[in-house]
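Asker: To start, I am sharing the structure in question, which I have written as structure tokens.
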Protein chains: 2
Amino acid sequence: MADGTRRPGRPRSEAARLAILEATHDELVEHGYGGLTMERIAARAGVGKQTIYRWWRSKAEVALDSLLNVAAEGIPIPDEGDLGADLDVFLRHTFGMQGSEGPVLMGLLAQSLLDREFADVFRDRFLAGRRAALSEVLDHAVARGEIPAGTDLVLLQDMVYGVLWYRLLFRHAPLNDDTARDLASLIARSVRNGNNCTVRTV
Amino acid sequence: MADGTRRPGRPRSEAARLAILEATHDELVEHGYGGLTMERIAARAGVGKQTIYRWWRSKAEVALDSLLNVAAEGIPIPDEGDLGADLDVFLRHTFGMQGSEGPVLMGLLAQSLLDREFADVFRDRFLAGRRAALSEVLDHAVARGEIPAGTDLVLLQDMVYGVLWYRLLFRHAPLNDDTARDLASLIARSVRNGNNCTVRTV
DNA sequence: TAGATTTCGAGACGAAGCGTCTAGAAATTG
DNA sequence: CAATTTCTAGACGCTTCGTCTCGAAATCTA
């Protein structure tokens, strides 16, 4: 989309775009996702509602863009030569991140559940990136021979992110460093072949 | 609340209660949770809106009651002498159930995310029962010595229900008998005692 | 039986928020 | 300058919510 073929007319205002994303972020912090309304975003950003509807299809997509705009996106991909240790580092960081973004994530998920179209957008623009990072960690373990061939890697990923989301959603147990350590340990052991009981050293 | 201390006045109409729950169920089937409105429930049940608001705080609670009213609640607790086999049976049944109730569950979860009060109700009235069933299965394994002392049983449960909900929510992979088998196998192996064959990484 | 009390069905009501629309100003092209 | 497009501002009709009012019905107490 280079502006080589720039159309006539007034170009889109970058200032307005940023003002909308920032206003959305502030509104999310103040009122939560449930209290987010197009009218308030527009008022706070000093922008007409039409300007928002012109570029986003729903408030959920604005919120998603706002979230992605803030989350600078540094997902670490540790490679310490041991699946358990790699998972531990990965989970520790991931759990930490979700702490601050948690409330917004929950709102976006709620929207996903009620709106199939947004669900696809959310999956592709947010979840896919996270899964890809974890996928790399698992690939390293496969290359090292820690994960036997034929293991369902997608299921393994789901065990990681499943616990994460489940606790994020139902808040019955914490998501802290201890959780990360225990979960990393369980996952690493779950793929270890139980027959010959291979001993791995650090 | 036996009617020994029955108050004066017209008693609550059981017919109206059932009509509301049934109308809610039908509306859920026809329009999904997103299209559920108090007005349509009232109209379909032949009931005043006030009658609904008198007994339920929100449409989410009506939907939850409607769901619990239909789900006859037969959660099996297999005991075949082997954790892997028990989990396989348990998961197979659970995954099968969620197939039909899935859409409603997703709506109720969406509501949970937006409404903290309902989240507590949903957790206590729906999730707790399921978790208790799985807990029994795990307890049997503990008694048989299949799960070493000190294992975080809550985390184990979360690995099971985490995968279930994660796939229910994001629909990126199926929840079928194969999934149940693989997941049961992974979980069973993850707790297999590592005393003599695992090296603790710090 | 006569009141007191409570729920019943039906629907009016104001408050919100949605998404669309209009109007006139502003910015950019050729 | 004319054509085109986006801009802010806000009015508009629509839907749903949750509350409220009304008179009728059902049940308890006296």
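Please note that chains go A, B, ... in the order of the structure tokens, that every chain numbers its residues from 1, and that ligands are numbered from 1 in the order shown.
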Least-squares superposition of chain B on chain A, all Cα atoms, in-order pairing: what RMSD comes out, in Å?
Answerer: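 Between these identical-sequence chains, the C-alpha RMSD is 3.7 Å.
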Asker: At a cut-off of 6 Å, list the chain A residues touching chain D, using only C-alpha atoms (C1' of nucleotides), as a ChimeraX atom specification.
Answerer: /A:8-10,48
Asker: Compute the chain B side of the contact with chain C at 12 Å, counting only C-alpha atoms (C1' of nucleotides), and hand it back as number ranges by chain.
Answerer: B: 6-17, 39, 42-43, 45-52, 54-55
Asker: Using only C-alpha atoms, determine which residues of chain A fall within 9 Å of chain B; present them as JSON, numbers by chain.
Answerer: {"A": [32, 33, 34, 84, 85, 103, 106, 107, 109, 110, 111, 112, 113, 114, 115, 119, 120, 123, 151, 152, 154, 155, 156, 158, 159, 160, 161, 162, 163, 164, 165, 166, 167, 169, 170, 172, 173, 179, 181, 182, 183, 185, 186, 187, 188, 189, 190, 191, 192, 193, 194, 197, 198, 199, 200, 201, 202]}
Asker: To test your reading of the structure, identify every residue in chain B that backbone DSSP assigns to helix (DSSP H, G or I), and report it as number ranges by chain.
Answerer: B: 3-5, 14-31, 33-35, 38-45, 49-55, 59-70, 83-114, 116-143, 153-170, 177-190
Asker: Between atom CA of A:Thr94 and atom CA of A:Pro78, what is the distance in Å, rounded to a tenth?
Answerer: 12.1 Å
Asker: For atom CA of B:Gly129 and atom CA of B:Ser66, determine how far apart the two atoms are, in Å to one decimal place.
Answerer: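 Pair atom CA of B:Gly129 / atom CA of B:Ser66 returns 16.4 Å.
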Asker: Using only C-alpha atoms for the distances, tell me which of B:Arg144, B:Gln98, B:Glu61, B:Gly150 is nearest to B:Arg130.
Answerer: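 Closest to B:Arg130 of all the choices is B:Gln98.
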Asker: Rounded to one decimal in Å, what is the spacing between atom CA of B:Leu91 and atom CA of A:Val137?
Answerer: 27.6 Å
Asker: Write out as a list in words the residues lying within 12 Å of A:Ile75, counting only C-alpha atoms (C1' of nucleotides) and excluding same-chain residues fewer than 4 positions away.
Answerer: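 Contacts, with the query itself left out: Ala71, Val89, Phe90, Leu91, Arg92, His93, Thr94, Phe95, Gly96, Met97, Gly129, Arg130, Arg131, Ala132, Ala133, Leu134, Glu136 and Val137 of chain A.
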